[in-house]
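This is work-v3.txt (compact mmCIF, C-alpha atoms).
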```txt
# COMPACT_ATOMS: atom_id res chain seq x y z
CA MET L 1 0.00 0.00 0.00
CA PHE L 2 2.61 2.56 1.08
CA TYR L 3 4.94 1.25 -1.61
CA TYR L 4 2.49 2.21 -4.36
CA LEU L 5 1.54 5.47 -2.67
CA PHE L 6 5.16 6.58 -2.49
CA ASP L 7 5.72 5.39 -6.05
CA TYR L 8 2.95 7.76 -7.15
CA LEU L 9 4.34 10.59 -5.03
CA GLN L 10 7.77 10.04 -6.54
CA GLN L 11 6.32 10.72 -9.99
CA THR L 12 5.02 14.06 -8.67
CA SER L 13 8.48 14.92 -7.25
CA PHE L 14 7.21 14.77 -3.66
CA PRO L 15 10.18 15.27 -1.25
CA GLY L 16 11.43 12.03 0.30
CA ALA L 17 9.22 9.80 -1.85
CA ARG L 18 12.28 8.03 -3.30
CA LEU L 19 13.03 6.45 0.08
CA MET L 20 10.46 3.74 -0.52
CA SER L 21 12.35 2.63 -3.63
CA TYR L 22 15.34 1.53 -1.52
CA ILE L 23 15.33 -2.07 -0.32
CA THR L 24 17.27 -1.15 2.83
CA PHE L 25 14.73 1.52 3.84
CA ARG L 26 11.72 -0.71 3.23
CA SER L 27 13.38 -3.60 5.03
CA GLY L 28 14.06 -1.39 8.04
CA ALA L 29 10.47 -0.17 7.97
CA ALA L 30 9.15 -3.74 7.73
CA PHE L 31 11.30 -4.80 10.70
CA VAL L 32 10.13 -1.89 12.89
CA LEU L 33 6.48 -2.32 11.92
CA SER L 34 6.48 -6.06 12.58
CA LEU L 35 8.23 -5.56 15.92
CA ILE L 36 5.68 -2.95 17.02
CA ILE L 37 2.75 -5.09 15.87
CA ALA L 38 4.07 -8.20 17.64
CA ILE L 39 4.65 -6.38 20.94
CA PHE L 40 1.61 -4.12 21.15
CA ILE L 41 -1.06 -5.98 19.20
CA GLY L 42 0.40 -9.24 20.53
CA ARG L 43 -0.55 -8.22 24.07
CA ARG L 44 -4.18 -7.79 23.03
CA ILE L 45 -4.21 -11.14 21.25
CA ILE L 46 -2.77 -12.90 24.31
CA ASP L 47 -5.43 -11.34 26.54
CA ARG L 48 -8.07 -12.42 24.05
CA LEU L 49 -6.75 -15.99 24.02
CA LYS L 50 -6.89 -16.03 27.82
CA ARG L 51 -10.52 -14.90 27.83
CA MET L 52 -11.33 -17.60 25.29
CA GLN L 53 -9.53 -20.12 27.55
CA VAL L 54 -7.31 -21.23 24.68
CA GLY L 55 -4.79 -22.92 26.95
CA GLU L 56 -2.08 -25.51 26.35
CA VAL L 57 -2.88 -29.09 27.36
CA VAL L 58 0.25 -30.51 29.02
CA ARG L 59 0.87 -34.19 29.76
CA ASN L 60 3.00 -34.99 32.79
CA LEU L 61 6.24 -36.39 31.33
CA GLY L 62 8.34 -35.88 34.44
CA LEU L 63 10.11 -32.75 33.20
CA GLU L 64 11.05 -29.99 35.59
CA GLY L 65 8.56 -27.09 35.57
CA GLN L 66 6.48 -28.74 32.88
CA MET L 67 3.12 -28.78 34.66
CA LYS L 68 3.38 -25.07 35.45
CA LYS L 69 2.81 -24.45 31.74
CA THR L 70 -0.68 -25.94 31.81
CA GLY L 71 -3.21 -23.37 30.69
CA THR L 72 -0.68 -21.03 29.08
CA PRO L 73 -2.35 -19.49 25.99
CA THR L 74 -1.44 -21.20 22.75
CA MET L 75 -2.06 -20.39 19.07
CA GLY L 76 0.27 -17.41 19.50
CA GLY L 77 1.49 -18.09 15.99
CA ILE L 78 -1.36 -15.79 14.96
CA ILE L 79 0.73 -12.93 16.34
CA ILE L 80 3.71 -13.94 14.21
CA ILE L 81 1.66 -14.36 11.02
CA LEU L 82 -0.11 -11.00 11.37
CA SER L 83 3.18 -9.29 12.23
CA ILE L 84 4.67 -10.65 9.00
CA LEU L 85 1.76 -10.08 6.64
CA ILE L 86 0.76 -6.54 7.63
CA PRO L 87 4.21 -4.95 7.05
CA CYS L 88 4.61 -6.88 3.79
CA LEU L 89 1.24 -5.60 2.56
CA LEU L 90 2.15 -2.04 3.60
CA VAL L 91 5.73 -1.67 2.34
CA GLY L 92 6.22 -4.68 0.07
CA ASN L 93 6.08 -4.73 -3.72
CA LEU L 94 3.04 -6.94 -4.27
CA SER L 95 3.74 -7.23 -7.99
CA ASN L 96 6.95 -9.12 -7.21
CA ILE L 97 6.51 -12.87 -7.74
CA TYR L 98 8.85 -13.74 -4.89
CA MET L 99 6.91 -11.63 -2.39
CA LEU L 100 3.62 -13.10 -3.60
CA LEU L 101 4.86 -16.67 -3.18
CA MET L 102 6.06 -15.95 0.35
CA ILE L 103 2.70 -14.44 1.30
CA VAL L 104 0.86 -17.45 -0.17
CA ALA L 105 3.17 -19.85 1.70
CA THR L 106 2.64 -17.96 4.97
CA VAL L 107 -1.16 -18.03 4.71
CA TRP L 108 -1.23 -21.64 3.47
CA LEU L 109 0.99 -23.05 6.22
CA GLY L 110 -0.57 -20.83 8.87
CA THR L 111 -3.99 -22.24 7.96
CA ILE L 112 -2.75 -25.83 8.36
CA GLY L 113 -1.26 -25.02 11.76
CA PHE L 114 -4.36 -23.11 12.86
CA LEU L 115 -6.64 -26.02 11.99
CA ASP L 116 -4.36 -28.37 13.91
CA ASP L 117 -4.39 -26.14 17.01
CA TYR L 118 -8.13 -25.57 16.78
CA LYS L 119 -8.83 -29.29 16.71
CA LYS L 120 -6.57 -29.84 19.73
CA ILE L 121 -8.39 -27.16 21.69
CA ALA L 122 -11.83 -28.41 20.64
CA ARG L 123 -10.96 -31.92 21.85
CA HIS L 124 -8.98 -30.74 24.92
CA ASN L 125 -6.10 -33.10 24.15
CA LYS L 126 -2.81 -33.21 22.24
CA ASP L 127 -4.28 -34.81 19.10
CA GLY L 128 -4.82 -32.42 16.22
CA ILE L 129 -5.48 -33.15 12.60
CA LYS L 130 -4.07 -36.40 11.28
CA GLY L 131 -0.44 -36.40 10.24
CA LYS L 132 -1.28 -37.38 6.68
CA TYR L 133 -3.34 -34.21 6.25
CA LYS L 134 -0.41 -32.08 7.42
CA ILE L 135 1.82 -33.85 4.91
CA ILE L 136 -0.73 -33.29 2.15
CA GLY L 137 -0.78 -29.59 2.98
CA GLN L 138 3.02 -29.39 2.99
CA VAL L 139 3.22 -31.28 -0.30
CA GLY L 140 0.65 -28.87 -1.71
CA ILE L 141 2.64 -25.72 -0.98
CA GLY L 142 5.79 -27.49 -2.18
CA LEU L 143 4.09 -28.16 -5.51
CA ILE L 144 2.85 -24.58 -5.77
CA VAL L 145 6.33 -23.16 -5.17
CA GLY L 146 8.12 -25.69 -7.37
CA LEU L 147 5.73 -25.34 -10.30
CA SER L 148 5.72 -21.55 -9.99
CA MET L 149 9.50 -21.48 -10.23
CA TYR L 150 9.32 -23.70 -13.30
CA LEU L 151 6.46 -21.96 -15.08
CA SER L 152 6.79 -18.29 -14.13
CA PRO L 153 8.78 -16.21 -16.67
CA GLU L 154 9.62 -13.78 -13.85
CA ILE L 155 11.69 -16.31 -11.92
CA THR L 156 15.10 -16.51 -13.55
CA ILE L 157 18.79 -16.51 -12.71
CA ARG L 158 21.89 -15.09 -14.27
CA LYS L 159 24.79 -17.51 -14.28
CA ASN L 160 28.17 -16.41 -12.99
CA VAL L 161 31.18 -17.26 -15.15
CA GLU L 162 34.80 -17.10 -13.99
CA ILE L 163 37.48 -15.62 -16.26
CA VAL L 164 40.70 -17.44 -15.36
CA SER L 165 44.20 -16.20 -16.13
CA PRO L 166 45.85 -18.68 -18.55
CA GLY L 167 49.23 -18.08 -16.96
CA THR L 168 48.51 -18.35 -13.23
CA GLY L 169 45.18 -20.16 -13.25
CA GLU L 170 43.79 -17.55 -10.85
CA ILE L 171 40.37 -15.96 -11.24
CA GLU L 172 40.77 -12.54 -12.83
CA GLN L 173 37.13 -11.55 -13.02
CA VAL L 174 33.60 -12.83 -12.48
CA VAL L 175 31.13 -11.93 -15.22
CA TYR L 176 27.51 -12.81 -15.84
CA GLU L 177 25.78 -14.03 -18.93
CA SER L 178 24.02 -11.26 -20.84
CA VAL L 179 20.51 -12.65 -20.41
CA ASP L 180 18.43 -14.03 -17.57
CA VAL L 181 17.58 -17.71 -18.01
CA LYS L 182 15.28 -20.34 -16.58
CA SER L 183 17.47 -22.90 -14.91
CA ALA L 184 17.23 -25.67 -12.34
CA GLU L 185 20.52 -24.58 -10.82
CA THR L 186 21.09 -24.11 -7.13
CA THR L 187 23.86 -23.16 -4.74
CA ILE L 188 25.97 -25.85 -3.15
CA PRO L 189 29.15 -25.64 -1.08
CA PHE L 190 32.51 -27.23 -1.92
CA VAL L 191 32.20 -26.92 -5.72
CA LYS L 192 33.52 -24.47 -8.30
CA ASN L 193 31.29 -21.39 -8.67
CA ASN L 194 29.07 -22.87 -5.95
CA ASN L 195 26.56 -23.83 -8.67
CA PHE L 196 24.92 -27.19 -9.15
CA ASP L 197 22.51 -28.01 -11.95
CA TYR L 198 19.93 -30.71 -11.22
CA SER L 199 20.10 -31.69 -14.90
CA CYS L 200 23.39 -33.42 -14.03
CA LEU L 201 21.22 -36.05 -12.36
CA THR L 202 18.95 -36.53 -15.37
CA GLN L 203 21.38 -36.71 -18.28
CA TRP L 204 20.18 -40.25 -18.95
CA LEU L 205 16.87 -38.74 -20.13
CA GLY L 206 18.60 -37.29 -23.20
CA ASP L 207 16.52 -34.53 -24.78
CA TYR L 208 14.28 -34.47 -21.72
CA ALA L 209 17.10 -33.92 -19.25
CA GLU L 210 16.04 -30.32 -18.55
CA GLN L 211 12.42 -31.27 -17.84
CA GLY L 212 13.66 -34.13 -15.66
CA ALA L 213 15.80 -31.67 -13.72
CA TRP L 214 12.73 -29.64 -12.84
CA VAL L 215 10.92 -32.79 -11.68
CA VAL L 216 13.86 -33.51 -9.38
CA PHE L 217 13.81 -29.90 -8.19
CA ILE L 218 10.09 -30.03 -7.36
CA LEU L 219 10.55 -33.28 -5.42
CA ILE L 220 13.43 -31.73 -3.47
CA THR L 221 11.28 -28.67 -2.81
CA ILE L 222 8.52 -30.84 -1.35
CA PHE L 223 11.02 -32.74 0.79
CA PHE L 224 12.61 -29.64 2.28
CA VAL L 225 9.29 -27.93 2.96
CA ALA L 226 7.96 -30.98 4.81
CA ALA L 227 11.20 -31.76 6.67
CA THR L 228 11.85 -28.18 7.77
CA SER L 229 8.24 -27.49 8.73
CA ASN L 230 8.02 -30.66 10.84
CA GLY L 231 11.48 -30.03 12.30
CA ALA L 232 10.48 -26.56 13.49
CA ASN L 233 7.29 -28.04 14.90
CA LEU L 234 9.25 -30.59 16.95
CA THR L 235 11.76 -27.96 18.08
CA ASP L 236 8.96 -25.86 19.56
CA GLY L 237 9.04 -27.62 22.92
CA LEU L 238 10.84 -25.12 25.17
CA ASP L 239 10.13 -21.46 25.82
CA GLY L 240 11.77 -19.35 23.11
CA LEU L 241 13.63 -22.25 21.48
CA ALA L 242 12.04 -22.38 18.02
CA THR L 243 11.51 -18.60 18.03
CA GLY L 244 15.16 -17.76 18.63
CA ILE L 245 16.59 -20.37 16.26
CA SER L 246 14.20 -19.30 13.48
CA ALA L 247 15.24 -15.66 13.94
CA ILE L 248 18.92 -16.61 13.64
CA ILE L 249 18.22 -18.59 10.47
CA GLY L 250 16.17 -15.67 9.17
CA VAL L 251 19.09 -13.26 9.55
CA ALA L 252 21.37 -15.62 7.59
CA LEU L 253 18.81 -16.05 4.79
CA ALA L 254 18.17 -12.29 4.61
CA VAL L 255 21.88 -11.66 4.07
CA MET L 256 21.99 -14.33 1.35
CA ALA L 257 18.96 -12.83 -0.40
CA TYR L 258 20.41 -9.32 -0.26
CA LEU L 259 23.75 -10.40 -1.69
CA GLY L 260 22.23 -12.69 -4.31
CA GLY L 261 19.77 -10.01 -5.42
CA ASN L 262 22.46 -7.37 -5.96
CA LEU L 263 24.50 -7.69 -9.15
CA ILE L 264 27.54 -5.89 -7.74
CA TYR L 265 27.78 -7.96 -4.56
CA SER L 266 27.02 -11.18 -6.44
CA SER L 267 29.87 -10.49 -8.84
CA TYR L 268 32.27 -9.57 -6.05
CA LEU L 269 31.47 -12.71 -4.06
CA ASN L 270 31.19 -14.94 -7.16
CA ILE L 271 27.70 -16.18 -6.37
CA MET L 272 24.54 -16.71 -8.43
CA TYR L 273 22.59 -13.55 -9.23
CA VAL L 274 18.81 -13.91 -8.86
CA PRO L 275 17.03 -10.89 -10.41
CA GLY L 276 14.11 -9.61 -8.36
CA SER L 277 14.91 -11.67 -5.27
CA GLU L 278 16.07 -8.58 -3.37
CA GLU L 279 12.39 -8.00 -2.52
CA LEU L 280 12.61 -11.05 -0.27
CA VAL L 281 14.80 -9.03 2.10
CA VAL L 282 11.73 -6.93 2.94
CA TYR L 283 9.77 -10.08 3.74
CA MET L 284 12.54 -11.55 5.89
CA ALA L 285 12.96 -8.27 7.78
CA ALA L 286 9.28 -8.53 8.74
CA PHE L 287 9.82 -12.20 9.64
CA ILE L 288 12.73 -11.39 11.96
CA GLY L 289 10.90 -8.44 13.55
CA ALA L 290 7.84 -10.62 14.18
CA LEU L 291 9.95 -13.28 15.91
CA VAL L 292 11.86 -10.78 18.05
CA GLY L 293 8.57 -9.19 19.08
CA PHE L 294 7.01 -12.56 19.80
CA LEU L 295 10.05 -13.51 21.88
CA TRP L 296 9.10 -10.65 24.20
CA TYR L 297 6.25 -12.86 25.41
CA ASN L 298 7.60 -16.30 24.48
CA ALA L 299 10.93 -16.11 26.38
CA TYR L 300 11.17 -18.16 29.58
CA PRO L 301 8.79 -18.27 31.36
CA ALA L 302 6.52 -18.03 28.34
CA GLN L 303 3.31 -16.02 28.51
CA VAL L 304 2.13 -17.54 25.24
CA PHE L 305 3.04 -20.50 23.02
CA MET L 306 3.08 -20.26 19.24
CA GLY L 307 1.42 -23.66 18.81
CA ASP L 308 1.37 -25.42 15.46
CA THR L 309 -0.06 -22.20 14.01
CA GLY L 310 3.41 -20.76 14.41
CA SER L 311 5.85 -23.66 14.38
CA LEU L 312 4.60 -25.37 11.21
CA THR L 313 4.53 -21.98 9.51
CA LEU L 314 8.04 -20.95 10.57
CA GLY L 315 9.71 -24.08 9.22
CA GLY L 316 7.78 -23.91 5.97
CA ILE L 317 8.60 -20.23 5.50
CA ILE L 318 12.31 -20.89 5.99
CA ALA L 319 12.29 -23.74 3.46
CA VAL L 320 10.31 -21.85 0.81
CA TYR L 321 12.49 -18.76 1.23
CA ALA L 322 15.71 -20.77 0.81
CA ILE L 323 14.28 -22.48 -2.27
CA LEU L 324 13.33 -19.16 -3.89
CA ILE L 325 16.88 -17.82 -3.53
CA HIS L 326 18.33 -21.14 -4.74
CA LYS L 327 19.93 -22.00 -1.39
CA GLU L 328 17.92 -25.10 -0.45
CA LEU L 329 20.98 -27.39 -0.39
CA LEU L 330 22.45 -25.22 2.36
CA LEU L 331 19.51 -26.00 4.66
CA PRO L 332 21.04 -29.24 6.06
CA ILE L 333 23.75 -27.04 7.60
CA LEU L 334 21.77 -23.91 8.40
CA CYS L 335 18.74 -25.79 9.80
CA ALA L 336 20.67 -28.72 11.25
CA ILE L 337 18.95 -28.30 14.63
CA PHE L 338 15.53 -28.77 13.05
CA TYR L 339 16.64 -31.87 11.18
CA ILE L 340 18.41 -33.37 14.21
CA GLU L 341 15.18 -32.94 16.17
CA ASP L 342 13.40 -34.78 13.34
CA LEU L 343 15.97 -37.56 13.31
CA SER L 344 16.03 -37.98 17.09
CA VAL L 345 12.32 -38.87 17.04
CA MET L 346 12.69 -41.20 14.05
CA ILE L 347 15.72 -42.99 15.57
CA GLN L 348 14.03 -43.33 18.97
CA VAL L 349 10.86 -44.84 17.53
CA ALA L 350 12.73 -47.18 15.17
CA TYR L 351 15.13 -48.42 17.88
CA PHE L 352 12.30 -48.94 20.36
CA LYS L 353 10.28 -51.02 17.88
CA LEU L 354 13.34 -53.01 16.81
CA THR L 355 14.41 -53.92 20.36
CA LYS L 356 10.85 -54.70 21.38
CA ARG L 357 10.47 -57.09 18.47
CA ARG L 358 13.79 -58.81 19.27
CA THR L 359 13.77 -58.88 23.07
CA GLY L 360 10.17 -58.21 24.02
CA THR L 361 11.21 -55.03 25.82
CA GLY L 362 11.57 -51.78 23.96
CA ARG L 363 14.73 -49.77 24.66
CA ARG L 364 15.53 -46.13 24.05
CA ILE L 365 18.64 -44.35 22.84
CA PHE L 366 17.61 -40.97 24.25
CA LYS L 367 15.98 -40.36 27.60
CA MET L 368 13.24 -38.54 25.74
CA THR L 369 12.61 -37.06 22.32
CA PRO L 370 12.60 -34.59 20.63
CA LEU L 371 16.26 -34.13 21.50
CA HIS L 372 15.91 -30.97 23.62
CA HIS L 373 13.84 -32.94 26.16
CA HIS L 374 16.70 -35.46 26.51
CA TYR L 375 18.67 -32.81 28.41
CA GLN L 376 15.71 -31.95 30.62
CA LYS L 377 14.86 -35.42 31.83
CA PRO L 378 16.70 -37.13 34.71
CA GLY L 379 17.70 -40.77 34.46
CA HIS L 380 19.82 -42.94 32.13
CA ALA L 381 19.40 -43.96 28.52
CA GLY L 382 21.61 -45.04 25.65
CA ILE L 383 25.23 -43.93 26.09
CA ASP L 384 24.47 -42.35 29.47
CA ALA L 385 23.36 -45.74 30.79
CA MET L 386 26.57 -47.44 29.63
CA ILE L 387 28.99 -44.93 31.12
CA GLN L 388 26.83 -43.98 34.11
CA ALA L 389 27.14 -40.30 33.21
CA PRO L 390 25.70 -37.59 35.50
CA VAL L 391 21.93 -37.50 35.21
CA ALA L 392 21.09 -34.06 36.61
CA PRO L 393 18.68 -32.29 34.25
CA ILE L 394 19.78 -29.03 32.63
CA PRO L 395 17.58 -25.97 33.32
CA GLU L 396 15.27 -25.11 30.45
CA SER L 397 16.60 -21.58 29.93
CA LYS L 398 20.19 -22.88 29.67
CA ILE L 399 19.20 -25.48 27.06
CA VAL L 400 17.51 -22.77 24.98
CA ILE L 401 20.51 -20.42 25.12
CA ARG L 402 22.90 -23.24 24.18
CA PHE L 403 20.74 -24.23 21.21
CA TRP L 404 20.73 -20.58 20.12
CA ILE L 405 24.52 -20.54 20.27
CA VAL L 406 24.67 -23.70 18.17
CA GLY L 407 22.29 -22.02 15.71
CA ILE L 408 24.62 -19.01 15.40
CA ILE L 409 27.60 -21.32 14.82
CA LEU L 410 25.69 -23.22 12.12
CA ALA L 411 24.79 -19.94 10.39
CA ALA L 412 28.46 -18.92 10.38
CA ILE L 413 29.51 -22.33 9.04
CA THR L 414 26.93 -22.04 6.25
CA PHE L 415 28.58 -18.87 4.99
CA VAL L 416 32.10 -20.24 5.43
CA THR L 417 31.38 -23.38 3.37
CA LEU L 418 30.52 -21.24 0.35
CA LYS L 419 34.16 -20.14 0.15
CA ILE L 420 35.61 -23.64 0.58
CA ARG L 421 36.29 -25.17 -2.84
```
Would you mind giving the structure from this file in structure tokens?
Amino acid sequence: MFYYLFDYLQQTSFPGARLMSYITFRSGAAFVLSLIIAIFIGRRIIDRLKRMQVGEVVRNLGLEGQMKKTGTPTMGGIIIILSILIPCLLVGNLSNIYMLLMIVATVWLGTIGFLDDYKKIARHNKDGIKGKYKIIGQVGIGLIVGLSMYLSPEITIRKNVEIVSPGTGEIEQVVYESVDVKSAETTIPFVKNNNFDYSCLTQWLGDYAEQGAWVVFILITIFFVAATSNGANLTDGLDGLATGISAIIGVALAVMAYLGGNLIYSSYLNIMYVPGSEELVVYMAAFIGALVGFLWYNAYPAQVFMGDTGSLTLGGIIAVYAILIHKELLLPILCAIFYIEDLSVMIQVAYFKLTKRRTGTGRRIFKMTPLHHHYQKPGHAGIDAMIQAPVAPIPESKIVIRFWIVGIILAAITFVTLKIR
């Protein structure tokens, strides 16, 4: 709204109207707006949730301080979603395909999470909508994003080409091809130019290798959307944990989008240039501001939980954003905490079923999953049981801070790997 208003004022030579044409200014405005909305409107939403008795149902799992959380308002993800969407609608360029896809993904995933939370509250238990319906929803947005990137003429890249000195073999200059092209290329660490074309996997299709590459890309898109969304959902088990980690990841992705959407910086850093993707910085600024504002109430001890309305949405947003800037293959490093939380549950369940089938008694590798609860729970399991390690639980706030630190380290490693050839 403001973006188009200022664009009109700029044509009439209105003083200061050009500010809205700068990505940095609009990103700053989006961050401030989302932060204000999350803090001030968030308070009203929390009070409303309390009056509606939308409280968390907590099962007694023997964790310290767990039962004190019973009745804490949930569905706080509404605060995050509104704090993202309103600034984007006000200062975002709504004709930009990247911004539109992010808004669609936010609403789509937020709806899935909302329905899940609503069903839990209606039944007064921890069972929401069936897992298969969540997966269908995640597959759906994955298809929308993947097909849009394949079919939309506005989504292109410009390939970076290195000019190497014949004498020394050193890179003299990085130039870009003269035209924007549709390509199933992505960014990957440890390889020359950091570019990887999915068509390398489909050369056996001959003339249809390019179409096959896009099929592979769409399948990978679906996988990362589902894995990251579910990983964020599982990580949301301690006050401020998923919120803080998502904000850290958001900062890293915003930097990548800004650099990849600027021809000068892309050339200097020898990375893929994605025309038009700079608008995503505005979206991510709103995303970060919304999370920081939500953390005001979600930090230990939490006054509100985001619920699946927030956690499923956060993970999906991160995956879709990384896919749009062609950085999805960096997610295993950047979002390692989410995926480790996923794996801890899968390993625990598989090992328990295997040992129960073989011995009649199911055994566990972790004291409790998802992984963050392992450090909360007293007792022995897995390696701890073999070495009789100390069993004192770690305070919740310390676990959260340590996971945040790991998240910062992973973000730094993600950037470092791009320069390792």
Restricting the calculation to all atoms listed in the file: of L:Tyr198, L:Trp296, L:Tyr98, L:Phe305, which residue gets closest to Thr156 in chain L?
L:Tyr98
To one decimal place, how far is CA of Leu35 in chain L from CA of Ile405 in chain L in Å?
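Computing it gives 22.6 Å between the two atoms.
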Rounded to one decimal, what separation in Å do you get between CA of Ile37 in chain L and CA of Ile81 in chain L?
10.5 Å
Around (24.7, -23.0, 18.7) in the file's own coordinates, what residues are found within 12 Å if you use all atoms listed in the file, given back as a PyMOL selection string?
chain L and resi 241+244-245+248-249+333-337+398-413
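Straight-line separation from CA of Leu312 in chain L to CA of Leu147 in chain L: 21.5 Å.
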Could I get the residues of range 315-397 of chain L with an atom no further than 12 Å from an atom of range 108-125 of chain L, each paired with its nearest atom pair and that distance in Å to one decimal, using only C-alpha atoms, sorted by chain and residue number, as a tab-separated table?
```
residue	atom	partner	partner_atom	distance
L:Gly315	CA	L:Leu109	CA	9.3
L:Gly316	CA	L:Leu109	CA	6.8
L:Ile317	CA	L:Leu109	CA	8.1
L:Ile318	CA	L:Leu109	CA	11.5
L:Ala319	CA	L:Leu109	CA	11.7
L:Val320	CA	L:Leu109	CA	10.8
```
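Across L:Glu328, L:Asp342, L:Asp308, L:Glu154, the tightest approach to Ile78 in chain L is made by L:Asp308 when counting all atoms listed in the file.
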So that I can see what lies close to His373 in chain L, please list as a PyMOL selection string the residues with an atom at most 12 Å from it, counting all atoms listed in the file and leaving out residues fewer than 2 positions away in the same chain.
chain L and resi 61-64+66+234-238+241+341+344-345+366-371+375-378+393-396+399-400
Quick one: residues within 9 Å of (24.2, -14.3, -0.8) (file frame), counting all atoms listed in the file, please, as a PDB file with C-alpha atoms, keeping the file's coordinate frame.
```
ATOM      1  CA  ALA L 252      21.370 -15.620   7.590  1.00  0.00           C
ATOM      2  CA  LEU L 253      18.810 -16.050   4.790  1.00  0.00           C
ATOM      3  CA  ALA L 254      18.170 -12.290   4.610  1.00  0.00           C
ATOM      4  CA  VAL L 255      21.880 -11.660   4.070  1.00  0.00           C
ATOM      5  CA  MET L 256      21.990 -14.330   1.350  1.00  0.00           C
ATOM      6  CA  ALA L 257      18.960 -12.830  -0.400  1.00  0.00           C
ATOM      7  CA  TYR L 258      20.410  -9.320  -0.260  1.00  0.00           C
ATOM      8  CA  LEU L 259      23.750 -10.400  -1.690  1.00  0.00           C
ATOM      9  CA  GLY L 260      22.230 -12.690  -4.310  1.00  0.00           C
ATOM     10  CA  GLY L 261      19.770 -10.010  -5.420  1.00  0.00           C
ATOM     11  CA  ASN L 262      22.460  -7.370  -5.960  1.00  0.00           C
ATOM     12  CA  TYR L 265      27.780  -7.960  -4.560  1.00  0.00           C
ATOM     13  CA  SER L 266      27.020 -11.180  -6.440  1.00  0.00           C
ATOM     14  CA  LEU L 269      31.470 -12.710  -4.060  1.00  0.00           C
ATOM     15  CA  ILE L 271      27.700 -16.180  -6.370  1.00  0.00           C
ATOM     16  CA  MET L 272      24.540 -16.710  -8.430  1.00  0.00           C
ATOM     17  CA  TYR L 273      22.590 -13.550  -9.230  1.00  0.00           C
ATOM     18  CA  ILE L 325      16.880 -17.820  -3.530  1.00  0.00           C
ATOM     19  CA  LYS L 327      19.930 -22.000  -1.390  1.00  0.00           C
ATOM     20  CA  PHE L 415      28.580 -18.870   4.990  1.00  0.00           C
TER      21      PHE L 415
END
```
Within 12 Å of Arg44 in chain L, counting only C-alpha atoms, which residues qualify if same-chain residues fewer than 4 places away don't, as a list in words?
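Counting only C-alpha atoms, the residues come to Ile37, Ala38, Ile39, Phe40, Arg48, Leu49, Lys50, Arg51, Gly76, Ile78, Ile79, Tyr297 and Val304 of chain L.
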Filtering to C-alpha atoms, could you give me those residues as a CSV table (one decimal), in the frame of the given file?
```csv
chain,number,residue,atom,x,y,z
L,37,ILE,CA,2.8,-5.1,15.9
L,38,ALA,CA,4.1,-8.2,17.6
L,39,ILE,CA,4.6,-6.4,20.9
L,40,PHE,CA,1.6,-4.1,21.2
L,48,ARG,CA,-8.1,-12.4,24.0
L,49,LEU,CA,-6.8,-16.0,24.0
L,50,LYS,CA,-6.9,-16.0,27.8
L,51,ARG,CA,-10.5,-14.9,27.8
L,76,GLY,CA,0.3,-17.4,19.5
L,78,ILE,CA,-1.4,-15.8,15.0
L,79,ILE,CA,0.7,-12.9,16.3
L,297,TYR,CA,6.2,-12.9,25.4
L,304,VAL,CA,2.1,-17.5,25.2
```
Nearest to Ala290 in chain L: which of L:Gly146, L:Gly77, L:Gly71, L:Gly206 is it, counting all atoms listed in the file?
L:Gly77
Between L:Leu101, L:Ala226, L:Ile80, L:Cys200, which has the minimum distance to Tyr133 in chain L (counting all atoms listed in the file)?
L:Ala226
